[in-house]
Structure formats: structure tokens, C-alpha cells
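Participant: Just dropping this structure here.
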Amino acid sequence: MGRIFNFSAGPATLPLEVLEQARDEMTDWQGRGVSVMEISHRSKAFIKVAEQAEADVRELLGVPAEYAVLFLQGGATQQFALIPMNLATPDQAVDYVVTGQWSKKAASEAKAVRRVNIAADGAPGNYTDVPARGGWQLTPGAAYVHYCPNETIGGLEFHDVPDTGGVPLVADMSSTILSRPVDVRKFGVIYAGAQKNIGPAGLVLMIVRKDLLERVPETVPPILRYASQAKEGSMLNTPPTYSWYIAGLVFQWLKRQGGLVKMGEVNRRKADRLYRAIDGSGFYRNPVAPAHRSWMNVPFTLPDAGLDAVFLAEAQQAGLSELKGHRSVGGMRASIYNAMPEAGVDALVAFMADFARRHG
Ligand SMILES: Cc1ncc(COP(=O)(O)O)c(C=O)c1O
């Protein structure tokens, strides 16, 4: 069997070119007779991989020199707890904007260690829209404002960066990082689990404004401090070297595609095509406010949930996999990250039209 179009929300599809390069280099990397995963993270050869990956991601995202770039482990979820521990003291308030399951989980982890204020909560509208900025109850003097620019489960995305009036903005970009250009200067911290647009699970990319590194209270153990990781090149202990290497290959692939301006154009086109197919079908439905629909995760329902299993089975037969929606939302979800080619979206749209004709 060849490759299928894999719409998984994460771990998600990776560029075929990257997988092929990794395969070719698996047992004999750079003519060394070993795999890159079999060498010391402190060897010259691996340090070069690590430094190149950092240089490439800095170039892709335009990360200014006053920001540290960290390659950590523990998933984005671990950062839900480490961010409040590193950026706030126990008596400082931290603000959370809740627009879906992930920002809700981030707030809930933070509650265990700091004074969390929910500045806005989209729960009454079932997280299908972003609460109007004018209604956000931000705390004067808060340590930071946390939000999730793209909610992977609900398919709700901010298409602009909220203004927090000088309070550092912390963004969980797990499912939207590298999908288009961003102005890093508008953020205090950007972080992202790797398993959607960066590489294999096991790695978290963090971009932290250097002045914020100094905030960490004495009570936080060194291994959990961003400042110590920044000082030691993210190598306080053994990092997930193979994931880091694959991330480096993905960054090089992104540069070959023309960088983030180009990716943004392609991603927008893919998303537009899919939403047009949904809205024009009279059969499928996406519940999200049009101004906040995600370019990366597109949930949609069928008119009768009894058809879901048939849809999924027929889609699988047609080489379209992992379309089942999250259990909290139901229906379907197509995740169309950077590595999903336009041909994959075309194939999905054609299948959906045919399915609707037969079952509508
Ligand atoms: C937006 C967002 N944040 C956080 C996470 C959690 O990531 P992890 O499982 O790596 O902790 C996910 C996972 O899908 C996500 O989509």
C-alpha cells in the first residue's frame, strides 16, 4: 500500500520528502555508520544539527535576537504548568482567555500553582466564537495573558493578535505554528508541541523573550527553569535528539517551499476550498463563526450522526484517513497542516461531494 492522505490532528502527517530523507539516513547518517539517534547529544555532529535547527526556525519565523529559542520535552501540556511557575510569583495574578478545550486545560493546570483569572470564556457559545475583546476582564498588573491562537479540537482560530496593552502575551501555538508568518515581537512567549507542524511528538518548541527568563522564583527546581535551559542550549539533560533532527529536516523543507509567506498562501487556499465545499453542500455543517474559522483544523458534521460510521469507512476506502472528530465535538475533523498537500484537500472535497450526492 502507498501513502494515504492522513488528516490526523496529531501526531500528524509529515512531508514525504522528510520521511524519505530520514529513511535514507536511518542506518548510516552522514557516512558515519550510525544513526543520528545513536550518537551523543553533546557530540560535535549533533550540536551542529541542534544549532542548524535553531538557526532555520529563527529565520523562518523572524525571531529577534532578544528571544531565546528552546527545544524542550514533556509536551505542550507540561508547559501549561511550567509557564505559570516560570513567569509569575505565587502572589501574582495570571490571566487566561478560554476559547476551547486546550486553553481551558492550560488554565486548569495553572490553577494548581498560581492565581488564575479567567479573563474571558467562550463556553456559553460552546466555543464557536472568540469572546469580543471589549468584554475581556484583564487584571491590571497581571504577570501575563495566556491564549490559544488555534483551538485544535473546536477549529477556532484568532486571525489577529490580541492587544494586551503591554502585558506579556503567551500563546499556545501547537496547532498553528509555522502555518503563516507571525510577528514574534507581539509575544512574550510562543510555545508549540511538535507533533502537528514541526515533527514527531516528544519535543516542544519555545520562544521566550529573554527578559522574562529572569522572573523565575527561587523555589522552581533548575530542571524546570526556562532560564537554565536557555543557558545550557536546552541540554540540561538528554534531549529528544531524533525528534530534534526531524524538526530540523522539516524546517529545511519549509525553506525549500518558499518559507512562511508561501505556506500561508497555500494553507489559506486549502482551508477556503474546504469551507466552501462545506457551506455550499447543504449537507455538511461547520459551526464556527466564519471570521474565526481555523486554517488548520476543520470540524464538520453530517446531517445525521447515523451516517458518521459509513462516511469514515468509505473515506478510508478512498485513501482518506483519520477524519473522525474529537469525542467532545462529534462529527468529522480534517486537519490540514503544512504537510497536507493541496491534492489531499482536493481528494477530500471530491469524496465529500460524491458522498453527499449518494446520501443527501
Ligand atoms: C493546542 C494544543 N495545545 C496543547 C496540546 C497538548 O499537547 P501534548 O499532548 O504534546 O501535551 C495539544 C495537543 O493536541 C494542542 O492541540
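Chain identifiers are assigned as A, B, and so on, following the order in which chains appear in the C-alpha cells; residues are numbered from 1 within each chain, and ligands are numbered from 1 in order of appearance.
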6 Å from ligand 1 is the threshold here; counting only C-alpha atoms and all ligand atoms, which polymer residues fall inside it? Answer as a list in words.

Facilitator: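 Using only C-alpha atoms and all ligand atoms, everything at most 6 Å from ligand 1 comes to Gly10, Gly75, Ala76, Thr77, Trp102, Glu151, Thr152, Asp172, Ser174, Ser175 and Gly193 of chain A.
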
Participant: Given the selection you just returned, output its residues as a file containing N, CA, C and O atoms, formatted as a short mmCIF file (atom, residue, chain, number, x, y, z; two decimals), in the first residue's frame.

Facilitator:
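Resulting contents of result_13.cif:
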```cif
data_model
loop_
_atom_site.label_atom_id
_atom_site.label_comp_id
_atom_site.auth_asym_id
_atom_site.auth_seq_id
_atom_site.Cartn_x
_atom_site.Cartn_y
_atom_site.Cartn_z
N GLY A 10 -3.03 15.03 15.23
CA GLY A 10 -1.70 14.97 15.83
C GLY A 10 -1.57 13.78 16.74
O GLY A 10 -2.51 13.49 17.48
N GLY A 75 5.88 17.73 26.24
CA GLY A 75 4.66 18.12 25.54
C GLY A 75 4.21 19.52 25.90
O GLY A 75 4.70 20.14 26.85
N ALA A 76 3.25 20.02 25.13
CA ALA A 76 2.71 21.35 25.42
C ALA A 76 2.03 21.34 26.78
O ALA A 76 2.02 22.34 27.50
N THR A 77 1.47 20.20 27.16
CA THR A 77 0.75 20.12 28.43
C THR A 77 1.65 20.41 29.62
O THR A 77 1.23 21.05 30.58
N TRP A 102 -8.28 23.33 24.82
CA TRP A 102 -6.86 23.43 25.16
C TRP A 102 -6.56 24.62 26.07
O TRP A 102 -5.81 24.51 27.03
N GLU A 151 -7.49 26.63 18.42
CA GLU A 151 -8.02 25.51 19.19
C GLU A 151 -8.19 24.32 18.26
O GLU A 151 -9.09 24.29 17.41
N THR A 152 -7.34 23.34 18.47
CA THR A 152 -7.25 22.16 17.59
C THR A 152 -8.55 21.36 17.55
O THR A 152 -8.90 20.79 16.52
N ASP A 172 -0.19 29.47 23.06
CA ASP A 172 -0.05 28.05 22.75
C ASP A 172 -0.32 27.88 21.26
O ASP A 172 -1.47 27.78 20.84
N SER A 174 0.51 25.36 19.36
CA SER A 174 0.76 23.96 18.98
C SER A 174 0.24 23.60 17.60
O SER A 174 0.92 22.92 16.84
N SER A 175 -0.99 24.04 17.28
CA SER A 175 -1.56 23.58 16.02
C SER A 175 -1.57 24.65 14.93
O SER A 175 -2.25 24.49 13.92
N GLY A 193 3.77 22.21 20.88
CA GLY A 193 4.11 20.79 20.79
C GLY A 193 4.43 20.51 19.33
O GLY A 193 3.84 21.10 18.44
#
```

Participant: Find the residues of region 111-218 of chain A that sit at most 10 Å from region 327-346 of chain A; for each, write down the nearest two atoms and how far apart they are in Å, to one decimal. Count only C-alpha atoms. Sort by chain, then by number going up, and give it as CSV.

Facilitator:
```
residue,atom,partner,partner_atom,distance
A:Asn126,CA,A:Val329,CA,9.7
A:Thr152,CA,A:Ser335,CA,8.4
A:Ile153,CA,A:Val329,CA,7.5
A:Gly154,CA,A:Val329,CA,7.1
A:Gly155,CA,A:Arg333,CA,8.4
A:Ser175,CA,A:Tyr337,CA,8.0
A:Thr176,CA,A:Tyr337,CA,7.9
A:Ile177,CA,A:Asn338,CA,9.7
A:Leu178,CA,A:Asn338,CA,8.0
A:Ser179,CA,A:Asn338,CA,6.2
A:Arg180,CA,A:Asn338,CA,9.4
A:Lys196,CA,A:Tyr337,CA,6.8
A:Asn197,CA,A:Asn338,CA,6.2
A:Ile198,CA,A:Asn338,CA,9.2
```

Participant: Show which residues sit within 6 Å of Ser243 (chain A), as number ranges by chain. Count only C-alpha atoms, and ignore same-chain residues fewer than 3 positions away.

Facilitator: A: 200, 240, 246

Participant: Would you put the residues from that selection into a file with N, CA, C and O atoms, as a tab-separated table (two decimals), in the first residue's frame?

Facilitator:
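As written to disk, part.tsv reads:
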```
chain	number	residue	atom	x	y	z
A	200	PRO	N	8.02	14.91	15.06
A	200	PRO	CA	7.43	13.87	15.90
A	200	PRO	C	7.12	14.39	17.31
A	200	PRO	O	7.76	15.34	17.79
A	240	PRO	N	15.29	15.00	23.35
A	240	PRO	CA	14.81	14.02	22.37
A	240	PRO	C	15.50	14.26	21.03
A	240	PRO	O	15.01	14.98	20.16
A	246	ILE	N	14.52	15.50	13.20
A	246	ILE	CA	13.42	15.53	12.22
A	246	ILE	C	12.86	16.96	12.11
A	246	ILE	O	12.56	17.44	11.02
```

Participant: Tell me, as a ChimeraX atom specification, which residues lie within 7 Å of region 93-96 of chain A, counting only C-alpha atoms; anything in the same chain fewer than 4 positions away does not count.

Facilitator: /A:107,115-119,138-139,142-147

Participant: Keeping only N, CA and C atoms, write the selected residues to a file as a compact mmCIF listing (two decimals), in the first residue's frame.

Facilitator:
```
# COMPACT_ATOMS: atom_id res chain seq x y z
N ALA A 107 -5.48 26.66 31.59
CA ALA A 107 -5.89 27.42 32.78
C ALA A 107 -6.01 26.49 33.98
N ARG A 115 -2.46 32.15 40.87
CA ARG A 115 -3.80 32.76 40.96
C ARG A 115 -4.32 33.05 39.56
N VAL A 116 -5.18 32.18 39.09
CA VAL A 116 -5.67 32.30 37.71
C VAL A 116 -6.95 33.13 37.64
N ASN A 117 -6.95 34.10 36.74
CA ASN A 117 -8.17 34.84 36.44
C ASN A 117 -8.61 34.46 35.02
N ILE A 118 -9.86 33.98 34.89
CA ILE A 118 -10.38 33.70 33.55
C ILE A 118 -10.90 35.03 33.00
N ALA A 119 -10.14 35.61 32.09
CA ALA A 119 -10.46 36.95 31.58
C ALA A 119 -11.64 36.92 30.63
N LEU A 138 -9.38 41.81 31.94
CA LEU A 138 -7.95 41.62 32.21
C LEU A 138 -7.60 42.22 33.58
N THR A 139 -6.66 41.57 34.27
CA THR A 139 -6.25 42.05 35.60
C THR A 139 -5.13 43.08 35.44
N ALA A 142 -1.28 41.99 35.76
CA ALA A 142 -1.14 40.53 35.65
C ALA A 142 0.26 40.18 35.14
N ALA A 143 0.74 38.99 35.49
CA ALA A 143 2.09 38.58 35.04
C ALA A 143 2.10 38.34 33.54
N TYR A 144 0.99 37.84 33.02
CA TYR A 144 0.88 37.61 31.56
C TYR A 144 -0.57 37.31 31.21
N VAL A 145 -0.85 37.32 29.91
CA VAL A 145 -2.15 36.87 29.40
C VAL A 145 -1.89 35.65 28.52
N HIS A 146 -2.56 34.56 28.83
CA HIS A 146 -2.38 33.33 28.04
C HIS A 146 -3.58 33.12 27.13
N TYR A 147 -3.31 32.70 25.89
CA TYR A 147 -4.41 32.29 25.00
C TYR A 147 -3.92 31.23 24.03
```

Participant: Write out as a PyMOL selection string each polymer residue whose atoms come within 9 Å of Glu214 (chain A), counting only C-alpha atoms; drop sequence neighbours fewer than 3 positions from it.

Facilitator: chain A and resi 86-87+210-211+217+227

Participant: Counting only C-alpha atoms, which of A:Ser321, A:Gln92, A:Thr301, A:Gln101 gets nearest to Gly141 (chain A)?

Facilitator: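 Answer, going by the shortest atom-to-atom distance: A:Gln92.
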
Participant: If we count only C-alpha atoms and set the cut-off at 6 Å, which residues sit around region 204-209 of chain A, ignoring sequence neighbours fewer than 6 positions away in its own chain? Please answer as number ranges by chain.

Facilitator: A: 67-73, 75, 188-194

Participant: Output N, CA and C atoms for every residue in the selection just made, as a short mmCIF file (atom, residue, chain, number, x, y, z; two decimals), in the first residue's frame.

Facilitator:
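Result file part.cif:
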```
data_model
loop_
_atom_site.label_atom_id
_atom_site.label_comp_id
_atom_site.auth_asym_id
_atom_site.auth_seq_id
_atom_site.Cartn_x
_atom_site.Cartn_y
_atom_site.Cartn_z
N TYR A 67 15.09 37.14 21.87
CA TYR A 67 14.26 35.99 22.25
C TYR A 67 15.13 34.74 22.27
N ALA A 68 14.94 33.89 23.31
CA ALA A 68 15.60 32.59 23.35
C ALA A 68 14.73 31.57 22.64
N VAL A 69 15.37 30.61 21.96
CA VAL A 69 14.63 29.51 21.33
C VAL A 69 15.03 28.23 22.07
N LEU A 70 14.04 27.53 22.60
CA LEU A 70 14.31 26.32 23.38
C LEU A 70 13.66 25.10 22.71
N PHE A 71 14.34 23.97 22.82
CA PHE A 71 13.77 22.70 22.35
C PHE A 71 13.62 21.82 23.58
N LEU A 72 12.39 21.72 24.10
CA LEU A 72 12.17 21.03 25.37
C LEU A 72 11.35 19.75 25.18
N GLN A 73 11.13 19.05 26.28
CA GLN A 73 10.29 17.85 26.21
C GLN A 73 9.11 17.98 27.19
N GLY A 75 5.88 17.73 26.24
CA GLY A 75 4.66 18.12 25.54
C GLY A 75 4.21 19.52 25.90
N GLY A 188 5.25 37.53 24.39
CA GLY A 188 6.26 37.28 25.41
C GLY A 188 6.80 35.87 25.26
N VAL A 189 5.86 34.93 25.06
CA VAL A 189 6.22 33.52 24.90
C VAL A 189 5.34 32.90 23.81
N ILE A 190 5.99 32.14 22.94
CA ILE A 190 5.27 31.30 21.97
C ILE A 190 5.72 29.87 22.26
N TYR A 191 4.79 28.95 22.35
CA TYR A 191 5.22 27.55 22.52
C TYR A 191 4.34 26.64 21.69
N ALA A 192 4.90 25.48 21.34
CA ALA A 192 4.16 24.56 20.48
C ALA A 192 4.68 23.14 20.62
N GLY A 193 3.77 22.21 20.88
CA GLY A 193 4.11 20.79 20.79
C GLY A 193 4.43 20.51 19.33
N ALA A 194 5.38 19.59 19.11
CA ALA A 194 5.90 19.43 17.75
C ALA A 194 5.00 18.65 16.80
#
```

Participant: Please identify all polymer residues within 7 Å of region 247-256 of chain A, counting only C-alpha atoms, omitting same-chain residues fewer than 5 positions from it, and present them as number ranges by chain.

Facilitator: A: 18, 53, 56-57, 198-199

Participant: Identify which of the residues A:Gly74, A:Gly31, A:Pro181, A:Pro287 lies closest to Leu260 (chain A), counting only C-alpha atoms when measuring atom-to-atom distances.

Facilitator: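 So, comparing all the options, the nearest one is A:Pro181.
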
Participant: Once DSSP has gone over the backbone, tell me which residues of region 76-287 of chain A are in alpha helix (DSSP H), as an MDAnalysis selection string.

Facilitator: chainID A and resid 76:87 101:111 210:213 226:231 241:257 259:279

Participant: Which is closest to Glu38 (chain A) among A:Gly280, A:Ile83, A:Ala106, A:Tyr242, if we use only C-alpha atoms?

Facilitator: A:Tyr242

Participant: Run DSSP on the backbone and give me the residues of region 103-177 of chain A it puts in strand (DSSP E), as a list in words.

Facilitator: Arg115, Val116, Asn117, Ile118, Ala119, Ala120, Asp121, Val145, His146, Tyr147, Asn150, Glu151, Leu156, Glu157, Leu169, Val170, Ala171 and Asp172 of chain A

Participant: Which of these, A:Leu61, A:Ile4, A:Ala123, A:Ala81, has the shortest distance to Leu320 (chain A) once you count only C-alpha atoms?

Facilitator: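 Distance minimum relative to Leu320 (chain A) lands on A:Ile4.
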
Participant: Calculate how many Å separate CA of Asp308 (chain A) from CA of Ala277 (chain A), rounding to one decimal.

Facilitator: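 So the answer is 17.7 Å.
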